[in-house]
Structures are given as C-alpha cells and as structure tokens.
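**Student:** What follows is protein_11.csv; its format and atoms are CSV, C-alpha atoms and all ligand atoms.
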```
chain,number,residue,atom,x,y,z
A,1,MET,CA,29.8,5.3,6.6
A,2,SER,CA,28.4,8.4,5.0
A,3,ARG,CA,25.0,8.2,3.4
A,4,ARG,CA,23.4,10.9,1.3
A,5,MET,CA,20.5,12.4,3.1
A,6,LEU,CA,17.1,12.0,1.4
A,7,ALA,CA,14.2,14.5,1.8
A,8,ALA,CA,11.2,12.7,0.4
A,9,GLY,CA,7.7,14.2,0.1
A,10,ASN,CA,4.6,12.0,0.0
A,11,TRP,CA,1.7,14.0,-1.3
A,12,LYS,CA,-0.7,11.1,-0.8
A,13,MET,CA,-4.1,11.8,-2.4
A,14,ASN,CA,-3.5,15.5,-2.8
A,15,GLY,CA,-2.5,17.5,-5.8
A,16,LEU,CA,-4.0,18.8,-9.0
A,17,ASN,CA,-2.3,20.4,-11.9
A,18,ALA,CA,-2.9,23.7,-10.1
A,19,GLN,CA,-0.3,22.5,-7.5
A,20,LEU,CA,2.6,22.2,-10.0
A,21,PRO,CA,3.9,25.7,-9.0
A,22,GLU,CA,4.7,24.1,-5.6
A,23,LEU,CA,7.1,21.8,-7.4
A,24,LEU,CA,8.7,24.7,-9.3
A,25,SER,CA,9.2,26.6,-6.0
A,26,VAL,CA,11.0,23.6,-4.6
A,27,ILE,CA,13.2,23.3,-7.7
A,28,GLU,CA,14.0,27.1,-7.7
A,29,ALA,CA,15.0,27.1,-4.0
A,30,ASN,CA,17.3,24.1,-4.3
A,31,PRO,CA,19.6,24.6,-7.4
A,32,SER,CA,22.4,22.3,-6.0
A,33,PRO,CA,21.3,20.6,-2.9
A,34,THR,CA,23.6,18.3,-0.8
A,35,ALA,CA,20.6,16.2,0.1
A,36,GLU,CA,18.7,14.2,-2.5
A,37,ILE,CA,15.2,15.5,-3.0
A,38,LEU,CA,12.2,13.4,-4.0
A,39,ILE,CA,8.5,14.1,-4.4
A,40,CYS,CA,5.9,11.4,-4.7
A,41,PRO,CA,2.8,13.0,-6.1
A,42,PRO,CA,-0.4,11.2,-7.0
A,43,ALA,CA,0.1,9.0,-10.1
A,44,THR,CA,-1.9,11.5,-12.2
A,45,LEU,CA,0.9,14.1,-11.8
A,46,ILE,CA,3.9,11.8,-12.2
A,47,ALA,CA,4.4,12.4,-15.9
A,48,ALA,CA,4.0,16.2,-15.8
A,49,MET,CA,6.2,16.5,-12.7
A,50,ALA,CA,8.9,14.3,-14.1
A,51,GLU,CA,8.9,16.5,-17.2
A,52,LEU,CA,9.2,19.7,-15.2
A,53,ALA,CA,12.0,18.2,-13.0
A,54,ARG,CA,13.9,16.6,-15.8
A,55,ASP,CA,16.9,18.9,-15.8
A,56,PHE,CA,17.0,19.5,-12.1
A,57,PRO,CA,18.3,17.6,-9.1
A,58,LEU,CA,14.9,16.4,-7.9
A,59,SER,CA,13.4,13.0,-8.5
A,60,ILE,CA,9.8,12.0,-8.8
A,61,GLY,CA,8.3,8.9,-7.3
A,62,ALA,CA,5.1,6.9,-7.0
A,63,GLN,CA,3.2,6.0,-3.8
A,64,ASP,CA,2.3,2.4,-4.6
A,65,CYS,CA,2.5,-0.2,-7.4
A,66,HIS,CA,1.0,-3.5,-8.3
A,67,ALA,CA,3.1,-6.6,-7.9
A,68,GLU,CA,2.5,-7.8,-11.5
A,69,SER,CA,3.8,-6.1,-14.6
A,70,GLY,CA,0.4,-6.1,-16.4
A,71,GLY,CA,-2.9,-7.9,-16.8
A,72,ALA,CA,-6.5,-7.8,-15.7
A,73,HIS,CA,-6.2,-5.5,-12.6
A,74,THR,CA,-8.6,-2.7,-13.2
A,75,GLY,CA,-7.5,0.6,-11.7
A,76,ASP,CA,-4.0,-0.6,-10.7
A,77,LEU,CA,-0.6,0.5,-12.0
A,78,SER,CA,2.4,-1.6,-12.5
A,79,ALA,CA,5.9,-0.6,-11.6
A,80,GLU,CA,6.8,-0.6,-15.3
A,81,MET,CA,4.0,1.9,-16.0
A,82,LEU,CA,5.3,4.2,-13.2
A,83,ARG,CA,8.8,4.0,-14.5
A,84,ASP,CA,7.5,4.7,-18.0
A,85,ALA,CA,5.7,7.8,-16.7
A,86,GLY,CA,9.0,9.1,-15.2
A,87,ALA,CA,9.1,7.8,-11.7
A,88,ALA,CA,12.5,6.8,-10.2
A,89,TYR,CA,11.1,5.6,-6.8
A,90,VAL,CA,8.0,4.0,-5.4
A,91,ILE,CA,6.8,3.9,-1.8
A,92,VAL,CA,5.6,0.4,-0.8
A,93,GLY,CA,3.9,-0.8,2.3
A,94,HIS,CA,2.9,2.6,3.6
A,95,SER,CA,0.8,2.1,6.7
A,96,GLU,CA,-2.2,3.7,4.9
A,97,ARG,CA,-1.9,0.9,2.3
A,98,ARG,CA,-1.4,-1.7,5.0
A,99,ALA,CA,-4.4,-0.5,6.9
A,100,ASN,CA,-6.8,0.5,4.1
A,101,HIS,CA,-5.9,-2.1,1.5
A,102,GLY,CA,-5.1,-5.1,3.6
A,103,GLU,CA,-1.5,-5.2,2.5
A,104,VAL,CA,0.6,-7.6,4.5
A,105,ASP,CA,4.4,-8.1,4.6
A,106,GLN,CA,4.2,-10.6,1.7
A,107,THR,CA,2.4,-8.1,-0.4
A,108,VAL,CA,5.0,-5.5,0.3
A,109,ARG,CA,7.8,-7.9,-0.5
A,110,ALA,CA,6.2,-8.8,-3.8
A,111,LYS,CA,5.7,-5.1,-4.6
A,112,THR,CA,9.3,-4.4,-3.8
A,113,GLU,CA,10.4,-7.1,-6.1
A,114,ALA,CA,8.2,-5.6,-8.8
A,115,ALA,CA,9.8,-2.2,-8.2
A,116,TRP,CA,13.2,-3.7,-8.6
A,117,ARG,CA,12.2,-5.6,-11.7
A,118,ALA,CA,11.1,-2.3,-13.3
A,119,GLY,CA,14.2,-0.5,-12.3
A,120,LEU,CA,12.6,1.6,-9.6
A,121,LYS,CA,14.0,2.2,-6.1
A,122,ALA,CA,11.7,1.0,-3.4
A,123,ILE,CA,11.0,2.9,-0.2
A,124,VAL,CA,9.7,0.2,2.1
A,125,CYS,CA,7.7,1.5,5.1
A,126,VAL,CA,7.5,-0.1,8.5
A,127,GLY,CA,6.1,1.0,11.8
A,128,GLU,CA,4.1,0.0,14.9
A,129,THR,CA,0.7,1.1,16.0
A,130,GLU,CA,0.1,3.0,19.2
A,131,ALA,CA,-1.2,-0.1,20.9
A,132,GLU,CA,1.9,-2.1,19.9
A,133,ARG,CA,4.1,0.7,21.3
A,134,ASP,CA,2.1,0.8,24.5
A,135,ALA,CA,2.4,-2.9,24.8
A,136,GLY,CA,6.2,-2.6,24.6
A,137,SER,CA,6.4,-4.6,21.3
A,138,ALA,CA,7.4,-1.8,18.8
A,139,LEU,CA,10.9,-3.2,18.3
A,140,ASP,CA,9.7,-6.7,17.7
A,141,ILE,CA,6.9,-5.6,15.3
A,142,VAL,CA,9.2,-3.5,13.2
A,143,ALA,CA,11.9,-6.2,13.1
A,144,ALA,CA,9.3,-8.7,11.9
A,145,GLN,CA,8.0,-6.3,9.2
A,146,LEU,CA,11.5,-5.5,8.1
A,147,SER,CA,12.5,-9.1,7.8
A,148,ALA,CA,9.4,-10.2,5.9
A,149,SER,CA,8.9,-7.1,3.7
A,150,ILE,CA,12.3,-6.9,2.2
A,151,PRO,CA,13.3,-9.4,-0.5
A,152,ASP,CA,16.8,-10.9,-0.8
A,153,GLY,CA,19.2,-8.8,-2.8
A,154,ALA,CA,18.7,-5.4,-1.2
A,155,THR,CA,21.4,-2.8,-2.0
A,156,GLU,CA,21.5,0.9,-1.3
A,157,ASP,CA,20.9,1.5,-5.0
A,158,ARG,CA,17.4,0.1,-4.9
A,159,LEU,CA,16.2,0.1,-1.3
A,160,VAL,CA,15.4,2.8,1.2
A,161,VAL,CA,13.6,1.9,4.5
A,162,ALA,CA,11.2,4.4,6.2
A,163,TYR,CA,10.3,3.9,9.8
A,164,GLU,CA,6.9,5.5,10.3
A,165,PRO,CA,5.2,4.9,13.6
A,166,VAL,CA,1.5,4.7,12.6
A,167,TRP,CA,0.4,6.9,15.5
A,168,ALA,CA,2.7,9.7,14.4
A,169,ILE,CA,1.5,9.9,10.8
A,170,GLY,CA,-0.6,13.0,10.2
A,171,THR,CA,-1.2,13.5,13.9
A,172,GLY,CA,1.3,16.2,14.7
A,173,ARG,CA,2.9,13.9,17.2
A,174,THR,CA,6.4,12.6,16.6
A,175,ALA,CA,8.3,9.8,18.2
A,176,SER,CA,10.8,11.0,20.8
A,177,THR,CA,14.4,11.4,19.7
A,178,ALA,CA,15.4,8.5,22.0
A,179,ASP,CA,12.7,6.2,20.5
A,180,ILE,CA,13.7,7.1,16.9
A,181,ASP,CA,17.4,6.6,17.8
A,182,GLN,CA,16.7,3.2,19.4
A,183,MET,CA,14.5,2.0,16.5
A,184,HIS,CA,16.9,3.2,13.8
A,185,ASP,CA,19.8,1.6,15.6
A,186,ALA,CA,17.9,-1.7,15.8
A,187,MET,CA,17.0,-1.6,12.1
A,188,ARG,CA,20.6,-0.9,11.2
A,189,VAL,CA,21.9,-3.9,13.2
A,190,GLN,CA,19.2,-6.1,11.6
A,191,LEU,CA,20.1,-5.0,8.1
A,192,CYS,CA,23.8,-5.4,8.7
A,193,SER,CA,23.3,-8.9,10.1
A,194,ARG,CA,21.2,-9.9,7.0
A,195,LEU,CA,23.2,-8.1,4.3
A,196,GLY,CA,26.6,-7.9,5.8
A,197,THR,CA,28.0,-4.9,7.6
A,198,GLU,CA,29.2,-3.2,4.4
A,199,ALA,CA,25.9,-3.4,2.5
A,200,GLY,CA,23.7,-3.0,5.6
A,201,SER,CA,25.5,0.2,6.5
A,202,ARG,CA,24.8,1.8,3.2
A,203,ILE,CA,21.0,1.4,3.1
A,204,ARG,CA,19.3,4.7,4.0
A,205,LEU,CA,16.8,4.8,6.9
A,206,LEU,CA,14.2,7.6,6.8
A,207,TYR,CA,12.0,8.7,9.7
A,208,GLY,CA,8.4,9.6,8.9
A,209,GLY,CA,5.5,10.8,11.0
A,210,SER,CA,4.8,14.5,11.4
A,211,VAL,CA,8.2,15.8,10.3
A,212,LYS,CA,7.9,19.5,10.0
A,213,PRO,CA,10.2,22.6,9.8
A,214,SER,CA,10.3,22.9,13.6
A,215,ASN,CA,11.5,19.3,14.3
A,216,ALA,CA,13.3,18.2,11.1
A,217,ALA,CA,16.8,19.3,12.2
A,218,GLU,CA,16.6,17.5,15.5
A,219,ILE,CA,15.4,14.3,13.9
A,220,PHE,CA,17.9,14.4,11.1
A,221,ALA,CA,20.7,14.8,13.6
A,222,ILE,CA,20.1,11.3,14.9
A,223,GLY,CA,22.9,9.0,13.9
A,224,ASN,CA,21.0,6.4,11.8
A,225,VAL,CA,18.4,8.8,10.4
A,226,ASP,CA,19.3,9.5,6.8
A,227,GLY,CA,16.4,11.8,6.0
A,228,GLY,CA,12.6,12.0,6.2
A,229,LEU,CA,9.5,10.8,4.5
A,230,VAL,CA,7.3,13.8,4.8
A,231,GLY,CA,3.5,13.9,4.3
A,232,GLY,CA,1.6,17.0,5.2
A,233,ALA,CA,4.6,19.4,5.3
A,234,SER,CA,5.6,18.4,1.8
A,235,LEU,CA,2.5,19.9,0.3
A,236,LYS,CA,3.7,23.5,0.9
A,237,ALA,CA,6.9,24.4,-0.8
A,238,SER,CA,8.1,26.8,1.9
A,239,ASP,CA,7.7,24.0,4.6
A,240,PHE,CA,9.3,21.4,2.4
A,241,ASN,CA,12.2,23.7,1.5
A,242,ALA,CA,12.8,24.3,5.2
A,243,ILE,CA,12.9,20.5,5.8
A,244,ILE,CA,15.3,20.1,2.8
A,245,SER,CA,17.5,22.8,4.4
A,246,ALA,CA,17.6,20.8,7.6
A,247,ALA,CA,18.7,17.7,5.6
A,248,ASP,CA,21.3,19.6,3.6
B,301,LIG,P1,2.9,13.1,7.8
B,301,LIG,O1,2.9,11.8,6.9
B,301,LIG,O2,4.2,13.8,7.6
B,301,LIG,O3,1.8,13.9,7.3
B,301,LIG,O4,2.8,12.6,9.2
B,301,LIG,C1,4.1,11.0,6.7
B,301,LIG,C2,3.8,9.8,5.8
B,301,LIG,O5,2.7,9.3,5.9
B,301,LIG,O6,4.6,9.4,5.0
```
Spit out the file's structure as structure tokens when you get a sec.
Ligand code: PGA

**Tutor:**
Amino acid sequence: MSRRMLAAGNWKMNGLNAQLPELLSVIEANPSPTAEILICPPATLIAAMAELARDFPLSIGAQDCHAESGGAHTGDLSAEMLRDAGAAYVIVGHSERRANHGEVDQTVRAKTEAAWRAGLKAIVCVGETEAERDAGSALDIVAAQLSASIPDGATEDRLVVAYEPVWAIGTGRTASTADIDQMHDAMRVQLCSRLGTEAGSRIRLLYGGSVKPSNAAEIFAIGNVDGGLVGGASLKASDFNAIISAAD
C-alpha cells in the first residue's frame, strides 16, 4: 500500500503578516514536491496564506475548530468558517488543546465530525504523557484515544492521524525509532480492524514531537510513518524545507 507522504507544519500561536515570506520560501523551494505539503498557521493568517498558495502544491489548514457550525460561541471558529477562509485541513485534538482547553476524546470526535461536515480533512492527534509511557501504558492510552476520537466513516480522503507523544512536543526529545515503529504498527492494526484492511491501510499516520532536519529522514523511513506534524521546525522555511526533502 503506497501512501503519499505528508509534511505538515503547525505554527501554533506564532505568525504575523511579517512571516508570510516564510511561506513564499517554502513555495519557491518546492515547485513540484512528491510529498504533500501543508501549513497550519494561526487562523488570522489562513485567508492570506490560502490566497498566496492558491496556484501552488501547498495546502493551508487550521489548528482547531468548534464542533458546531455557528451560534453563540464568542471567540470560536466553525469548520465552515475555516473552509470559507481557504483551509483544506484542520488539526483536532492536539495535546495542547486537550491539556489547556479540557478537550476529551468525545470533543475531538465531535470536532472531527464538524470538519467532515464542512468538507475539511481532519488531522486527529493522539499521544501519551510521559507518566503514561513510564507506567507502560502508552499503547493502551493511544488505542483508547484512537478508538474514541475517530467517528465512523473514516476514509483516507478525510482523515489523517498524528501520533504525538506529549513529552516529545516542543522539548527537543523524540520517541525512539523502535517506539514509533511499535506505536504506528499498533495504530495501523487497529485502523484495519475497525475499517477493514483496505481502508485502514490507506489512512496516513504522521509522527509529531520534535521532528527536525536532523531526525526527519530516520523517522520518515519507518514503515507506518507517512510524514510528520512539525511544530517549532516549521516556523523557519529552511528547516521546514529540509524536512519536506526528507519526506520527498
Ligand atoms: P514540535 O511540535 O515539533 O515543536 O515538537 C509538534 C506539534 O505539537 O505538533
């Protein structure tokens, strides 16, 4: 089963209009990439970046959405609004949302449904904390998150899963190749048993957590790793371009 690699940048709460040249540098360096390229800037930059990227092989995504399509939710953005602004993807259930905004698997599932309703592809994030890994329960925790966060009806056209060990995000530490391999294999088996082998084999599984130019090639070479969700290293075009090259 060949799956197209995906290099996805998550800018988190970083990025002003002054950073738009970083996007142009990524576009210029990748005129016809083999891998799919995605950047998820803060929502304030989605429209401008989608416009800049319109004629290029680079997609723009959002970092979160509300589960409802509209209504009295001050400060929130619906999946429909993000789509309207030019987003093609939305990240849901990132560990920073789970930890800082009390999002649980049911929230993530509802947001994934909202993304699909609006025609967005959802990148559903899962991952264990350090204490959970130390306790030997990483596989169980991630399996439970995966099972409860993903709605029925997942296909490769609208779902990407990102395994992001919480303790590896923004810390400079990455999971070992053996641990990533084991986790991604387990997620693949779980998706195949839920969706059928054919459909489950087509869903892309990203690794996230301190992916950088120096480790991207090794991580992307792991069998069930279909790309990366990259935070810090996606903010600098030269670093992100090196990661895209590793995925290409
Ligand atoms: P990091 O973030 O690459 O800075 O560790 C990854 C993420 O949170 O998606």

**Student:** List all protein, DNA and RNA residues that have any atom at most 8 Å from ligand LIG 301 (chain B), counting all atoms listed in the file, and write the list as a compact mmCIF listing (two decimals) with C-alpha atoms, in the frame of the given file.

**Tutor:**
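Resulting contents of selection_6.txt:
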```txt
# COMPACT_ATOMS: atom_id res chain seq x y z
CA GLY A 9 7.70 14.20 0.10
CA ASN A 10 4.60 12.00 0.00
CA LYS A 12 -0.70 11.10 -0.80
CA HIS A 94 2.90 2.60 3.60
CA SER A 95 0.80 2.10 6.70
CA GLU A 96 -2.20 3.70 4.90
CA GLU A 164 6.90 5.50 10.30
CA ALA A 168 2.70 9.70 14.40
CA ILE A 169 1.50 9.90 10.80
CA GLY A 170 -0.60 13.00 10.20
CA THR A 171 -1.20 13.50 13.90
CA GLY A 172 1.30 16.20 14.70
CA GLY A 208 8.40 9.60 8.90
CA GLY A 209 5.50 10.80 11.00
CA SER A 210 4.80 14.50 11.40
CA VAL A 211 8.20 15.80 10.30
CA LYS A 212 7.90 19.50 10.00
CA LEU A 229 9.50 10.80 4.50
CA VAL A 230 7.30 13.80 4.80
CA GLY A 231 3.50 13.90 4.30
CA GLY A 232 1.60 17.00 5.20
CA ALA A 233 4.60 19.40 5.30
CA SER A 234 5.60 18.40 1.80
```

**Student:** Using all atoms listed in the file, determine which residues lie at most 12 Å from Leu77 in chain A, disregarding the query and same-chain residues fewer than 6 positions distant; provide the list as a list in words.

**Tutor:**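 Once the adjacent positions are removed, what remains is Pro42, Ala43, Thr44, Ala62, Gln63, Asp64, Cys65, His66, Ala67, Glu68, Ser69, Gly70, Gly71, Arg83, Asp84, Ala85, Val90, Lys111, Ala114 and Ala115 of chain A.
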
**Student:** Which distance in Å separates CA of Gly223 in chain A and CA of Asp185 in chain A, to one decimal?

**Tutor:**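 Atom-to-atom, CA of Gly223 in chain A to CA of Asp185 in chain A, that is 8.2 Å.
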
**Student:** Kindly provide the residues of range 141-160 of chain A that approach range 122-137 of chain A to within 9 Å, each paired with its closest atom pair and their distance in Å to one decimal, based on only C-alpha atoms, listed by chain and increasing number, as CSV.

**Tutor:**
```
residue,atom,partner,partner_atom,distance
A:Ile141,CA,A:Ser137,CA,6.1
A:Val142,CA,A:Gly127,CA,5.6
A:Ala143,CA,A:Val126,CA,8.8
A:Gln145,CA,A:Val126,CA,6.3
A:Leu146,CA,A:Val126,CA,6.7
A:Ser149,CA,A:Val124,CA,7.5
A:Ile150,CA,A:Val124,CA,7.6
A:Arg158,CA,A:Ala122,CA,6.0
A:Leu159,CA,A:Ala122,CA,5.0
A:Val160,CA,A:Ile123,CA,4.6
```

**Student:** Which one is closest to Ser238 in chain A: A:Asn14, A:Ser25, A:Ser32, A:Gln190? Count all atoms listed in the file.

**Tutor:** A:Ser25

**Student:** May I ask for the distance between CA of Ala247 in chain A and CA of Leu191 in chain A, given in Å to one decimal place?

**Tutor:**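 The value is 22.9 Å.
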
**Student:** What is the distance between CA of Ala29 in chain A and CA of Leu52 in chain A, in Å to one decimal?

**Tutor:** 14.6 Å

**Student:** Restricting the calculation to all atoms listed in the file: of A:Ala148, A:Val225, A:Leu58, A:Ala246, which residue gets closest to Ser2 in chain A?

**Tutor:**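 Among A:Ala148, A:Val225, A:Leu58, A:Ala246, it is A:Val225 that comes nearest to Ser2 in chain A.
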
**Student:** Looking at A:Ala178, A:Ala47, A:Ala237, A:Val104, which one is nearest to Ile27 in chain A, with distances taken over all atoms listed in the file?

**Tutor:**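 That would be A:Ala237, the residue with the smallest distance to Ile27 in chain A.
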
**Student:** With all atoms listed in the file as the basis for distance, which of A:Leu139, A:Cys40, A:Ala221, A:Leu45 is at the shortest distance from Trp11 in chain A?

**Tutor:**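 Smallest distance to Trp11 in chain A is found for A:Cys40.
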
**Student:** Between A:Asp152, A:Glu113, A:Asp140, A:Glu36, which has the minimum distance to Ala186 in chain A (counting only C-alpha atoms)?

**Tutor:**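 Answer, going by the shortest atom-to-atom distance: A:Asp140.
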
**Student:** Which one is closest to Glu156 in chain A: A:Arg202, A:Arg117, A:Arg97, A:Arg188? Count only C-alpha atoms.

**Tutor:** A:Arg202
